[in-house]
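The next block holds one structure in the form of structure tokens; read it before the comments.
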Amino acid sequence: MADLTTNFLGISSPNPFWLASAPPTDKEYNVRRAFEAGWGGVVWKTLGEEGLPVVNVNGPRYGAIYGADRRLLGLNNIELITDRPLEVNLEEMARVKADYPDRALIASIMVPCEEAAWKAILPRVAETGADGIELNFGCPHGMSERGMGSAVGQVPEYIEMVTRWCKQNYDRPVIVKLTPNITDIRKPATAARNGGADAVSLINTINSITSIDLDNFAPEPTIDGKGSHGGYCGPAVKPIALSMVSEIARNPETRGLPISGIGGVTTWRDAAEFIALGAGNVQVCTAAMTYGFKIVEEMKRGLSEWMDEKGFARVEDFVGMAVPNVTDWQYLNLNYVTKARIDQEACIKCGRCYAACEDTSHQAIAMTPDRTFEVIDAECVACNLCVDVCPVENCISMERLAAGAVDPRTGRVVQEDYANWTTHPNNPMAPQAAE
């Protein structure tokens, strides 16, 4: 069996699956149950400044987006940081860490953007024996209106400043949790590195309103007739998270900066994708809130079996393996030509491919009177829409044309030399690529 043990920033945990700072990690009872279920680590729900008034709503705190089968795709969360006393949280953290020394325990912190506030809380967190801290610069609701959370995470200068304060006053790893509510994720990541951060974690939740109640015309969740924007999480945010993780992993200014991947991790495959894009571990929230803590059993088993199949002995063996294959559009090989192919035995004759292509794409699928669907190569641009809308897995595939073949759509011969496309004379982007 593959070894799932990870060593992230010198913090050892039996597997790369950590629970993110969120409702599931709010107190000792939850965290103990999580560790007993097999989670490798937890980031304790965000601690605030002692005496800071935090009062959560007593009405609904979550809104939801569902798929057609009512599968939960995303949650909109309006819950604030912990509303439990700081001292209580610290005492519980110390007990849990003492009883589970082999598990990672990270303290998430959010206090006002003042050096004195950070200097006051850091020694108290250190006394718990926590393995490190995570600076919550991502929360987009409630606390951001008070000048914390994403209000800090959207200003690189603040990120660098606060990170430096923490590194000067805390002797264990400092992880900076980044907000996705920003145009270019590379800038806050670079600021974190410049401030001395040991790692970044991302993404935090996306600012959102998930739905409107069309009876009382208020956002959901609705509190006494009113609603507010919140933080969006769950499987639906995974593509955004993967993109942002990849940008940090391949950016020269942040390349090599350890990453804890967050955003819609629901299965072992999701975790493997984050790790392949450079994450040293992953953090999970919505999946645990949907299915319970024992979902980690499936995650561990699936990842271990896949690693065995691929010949990876340790998680570190495939960290970042996909990063070299992430590129800018201008470097994509325009001599690479494929055409759609329909497996007639697998086809159920539903016609989705035909309707999608005929109405919204390139009219590259023909339908016979008996509802047999065939690809018209001379019109197919290989957009992949038919593959995406087909309800039968692997019924439609994209077949690459061999070198020397003539593309019936363009009349051009498919070139054999793909290796030097960025400087190939047929590449309209070659001058920019060469520069």
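Identifiers for the structure tokens are assigned positionally: chains receive A, B, ... in sequence, residues are indexed from 1 per chain, and ligands are indexed from 1 in the order shown.
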
Discussion item. Show me, as a list in words, the residues that have an atom within 9 Å of region 397-410 of chain A when counting only C-alpha atoms, minus same-chain residues fewer than 3 positions from it.
Written reply: Tyr336, Val337, Thr338, Lys339, Ala340, Arg341, Ile342, Asp343, Asp377, Ala378, Glu379, Cys380, Val381, Ala382, Asn384, Cys386, Val387, Asn394, Val413, Val414, Gln415, Glu416 and Asp417 of chain A

Item to complete: Please provide as a PyMOL selection string all residues within 10 Å of Thr25 (chain A), with the sequence filter that same-chain residues fewer than 2 positions apart are discarded (counting only C-alpha atoms).
Response: chain A and resi 19-23+27-34+42-46+82+285

Could you save the residues just selected, with C-alpha atoms, as an mmCIF file, in the first residue's frame?
data_model
loop_
_atom_site.group_PDB
_atom_site.id
_atom_site.type_symbol
_atom_site.label_atom_id
_atom_site.label_comp_id
_atom_site.auth_asym_id
_atom_site.auth_seq_id
_atom_site.Cartn_x
_atom_site.Cartn_y
_atom_site.Cartn_z
ATOM 1 C CA LEU A 19 -10.255 19.546 7.820
ATOM 2 C CA ALA A 20 -10.366 23.228 6.947
ATOM 3 C CA SER A 21 -11.079 25.978 9.437
ATOM 4 C CA ALA A 22 -14.878 25.970 9.395
ATOM 5 C CA PRO A 23 -17.910 24.792 11.397
ATOM 6 C CA LYS A 27 -14.742 22.648 19.177
ATOM 7 C CA GLU A 28 -13.017 19.778 20.917
ATOM 8 C CA TYR A 29 -15.893 17.324 20.478
ATOM 9 C CA ASN A 30 -15.895 17.690 16.695
ATOM 10 C CA VAL A 31 -12.123 17.530 16.333
ATOM 11 C CA ARG A 32 -11.816 14.403 18.453
ATOM 12 C CA ARG A 33 -14.477 12.714 16.332
ATOM 13 C CA ALA A 34 -12.616 13.794 13.208
ATOM 14 C CA VAL A 42 -7.425 19.960 11.347
ATOM 15 C CA VAL A 43 -7.284 23.720 11.123
ATOM 16 C CA TRP A 44 -9.226 24.899 14.180
ATOM 17 C CA LYS A 45 -12.108 27.255 13.461
ATOM 18 C CA THR A 46 -10.813 30.813 13.342
ATOM 19 C CA THR A 82 -15.836 31.298 16.443
ATOM 20 C CA CYS A 285 -15.012 21.286 4.596
#

Discussion item. Residues of region 57-175 of chain A classed as strand (DSSP E) by DSSP on the backbone are to be reported as a ChimeraX atom specification.
Written reply: /A:62-66,72-77,104-109,132-136,174-175

Could you make a table, as a Markdown table, of the residues of region 242-324 of chain A that have an atom within 10 Å of an atom of region 68-77 of chain A, each with its nearest atom pair and distance in Å to one decimal, counting only C-alpha atoms, in chain and number order?
| residue | atom | partner | partner_atom | distance |
| --- | --- | --- | --- | --- |
| A:Gly264 | CA | A:Gly74 | CA | 8.4 |
| A:Thr286 | CA | A:Leu75 | CA | 7.5 |
| A:Ala287 | CA | A:Leu72 | CA | 9.2 |
| A:Met289 | CA | A:Leu75 | CA | 9.9 |
| A:Thr290 | CA | A:Leu72 | CA | 7.6 |

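Residues in contact range of Asn15 (chain A), defined as at most 8 Å between only C-alpha atoms, with sequence neighbours fewer than 5 positions away removed, read Leu4, Thr5, Thr6, Trp39, Gly40 and Lys300 of chain A.
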
Keeping only N, CA and C atoms, write the selected residues as a PDB file, in the first residue's frame.
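Result went into selection.pdb, see below:
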ATOM      1  N   LEU A   4       0.684   7.209   2.760  1.00  0.00           N
ATOM      2  CA  LEU A   4      -0.023   8.488   2.676  1.00  0.00           C
ATOM      3  C   LEU A   4       0.530   9.526   3.649  1.00  0.00           C
ATOM      4  N   THR A   5       1.515   9.156   4.438  1.00  0.00           N
ATOM      5  CA  THR A   5       2.078  10.102   5.405  1.00  0.00           C
ATOM      6  C   THR A   5       2.637  11.325   4.682  1.00  0.00           C
ATOM      7  N   THR A   6       2.330  12.492   5.212  1.00  0.00           N
ATOM      8  CA  THR A   6       2.859  13.712   4.610  1.00  0.00           C
ATOM      9  C   THR A   6       3.653  14.492   5.647  1.00  0.00           C
ATOM     10  N   TRP A  39      -8.947  11.544  10.035  1.00  0.00           N
ATOM     11  CA  TRP A  39      -8.403  12.730   9.383  1.00  0.00           C
ATOM     12  C   TRP A  39      -6.961  12.964   9.820  1.00  0.00           C
ATOM     13  N   GLY A  40      -6.149  13.410   8.883  1.00  0.00           N
ATOM     14  CA  GLY A  40      -4.731  13.606   9.177  1.00  0.00           C
ATOM     15  C   GLY A  40      -4.437  14.861   9.957  1.00  0.00           C
ATOM     16  N   LYS A 300      -8.987   8.239   1.612  1.00  0.00           N
ATOM     17  CA  LYS A 300      -7.697   7.583   1.852  1.00  0.00           C
ATOM     18  C   LYS A 300      -7.563   6.318   1.014  1.00  0.00           C
TER      19      LYS A 300
END

Item to complete: To one decimal in Å, tell me the separation between CA of Ala356 (chain A) and CA of Ser243 (chain A).
Response: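 Rounded to one decimal, the two atoms are 27.0 Å apart.
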
Item to complete: Any chance you could list, as a count of residues only, the residues in region 96-218 of chain A that come up helix (DSSP H, G or I) when DSSP is run on the backbone?
Response: 46

Discussion item. Need to verify the contact set: Val282 (chain A), 10 Å, only C-alpha atoms, exclusion of same-chain residues closer than 2 positions in sequence. Can you return it as a PyMOL selection string?
Written reply: chain A and resi 15-20+41+201-202+259-263+265+270-272+274-275+279-280+284

Neighbours of Ala120 (chain A) within 10 Å (only C-alpha atoms; same-chain residues fewer than 4 positions away dropped), as a short mmCIF file (atom, residue, chain, number, x, y, z; two decimals) with C-alpha atoms, in the first residue's frame?
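Heads up, here's the output in out15.cif:
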data_model
loop_
_atom_site.label_atom_id
_atom_site.label_comp_id
_atom_site.auth_asym_id
_atom_site.auth_seq_id
_atom_site.Cartn_x
_atom_site.Cartn_y
_atom_site.Cartn_z
CA GLU A 49 -9.22 38.71 19.63
CA GLU A 50 -10.16 38.27 23.27
CA VAL A 111 -7.62 39.72 14.69
CA GLU A 115 0.58 44.63 15.48
CA ALA A 116 -0.38 44.71 19.15
CA ARG A 124 -1.23 32.15 23.84
CA VAL A 125 -1.68 30.04 20.74
CA ASN A 169 6.58 36.84 17.08
#

Counting only C-alpha atoms, which residues in region 233-255 of chain A sit no more than 10 Å from region 204-215 of chain A? For each one, give the nearest pair of atoms and the distance in Å, sorted by chain then residue number, as a Markdown table.
| residue | atom | partner | partner_atom | distance |
| --- | --- | --- | --- | --- |
| A:Cys233 | CA | A:Thr205 | CA | 5.5 |
| A:Gly234 | CA | A:Thr205 | CA | 9.0 |
| A:Val237 | CA | A:Ile206 | CA | 8.0 |
| A:Ile240 | CA | A:Ile206 | CA | 9.5 |
| A:Ala241 | CA | A:Asn204 | CA | 8.8 |
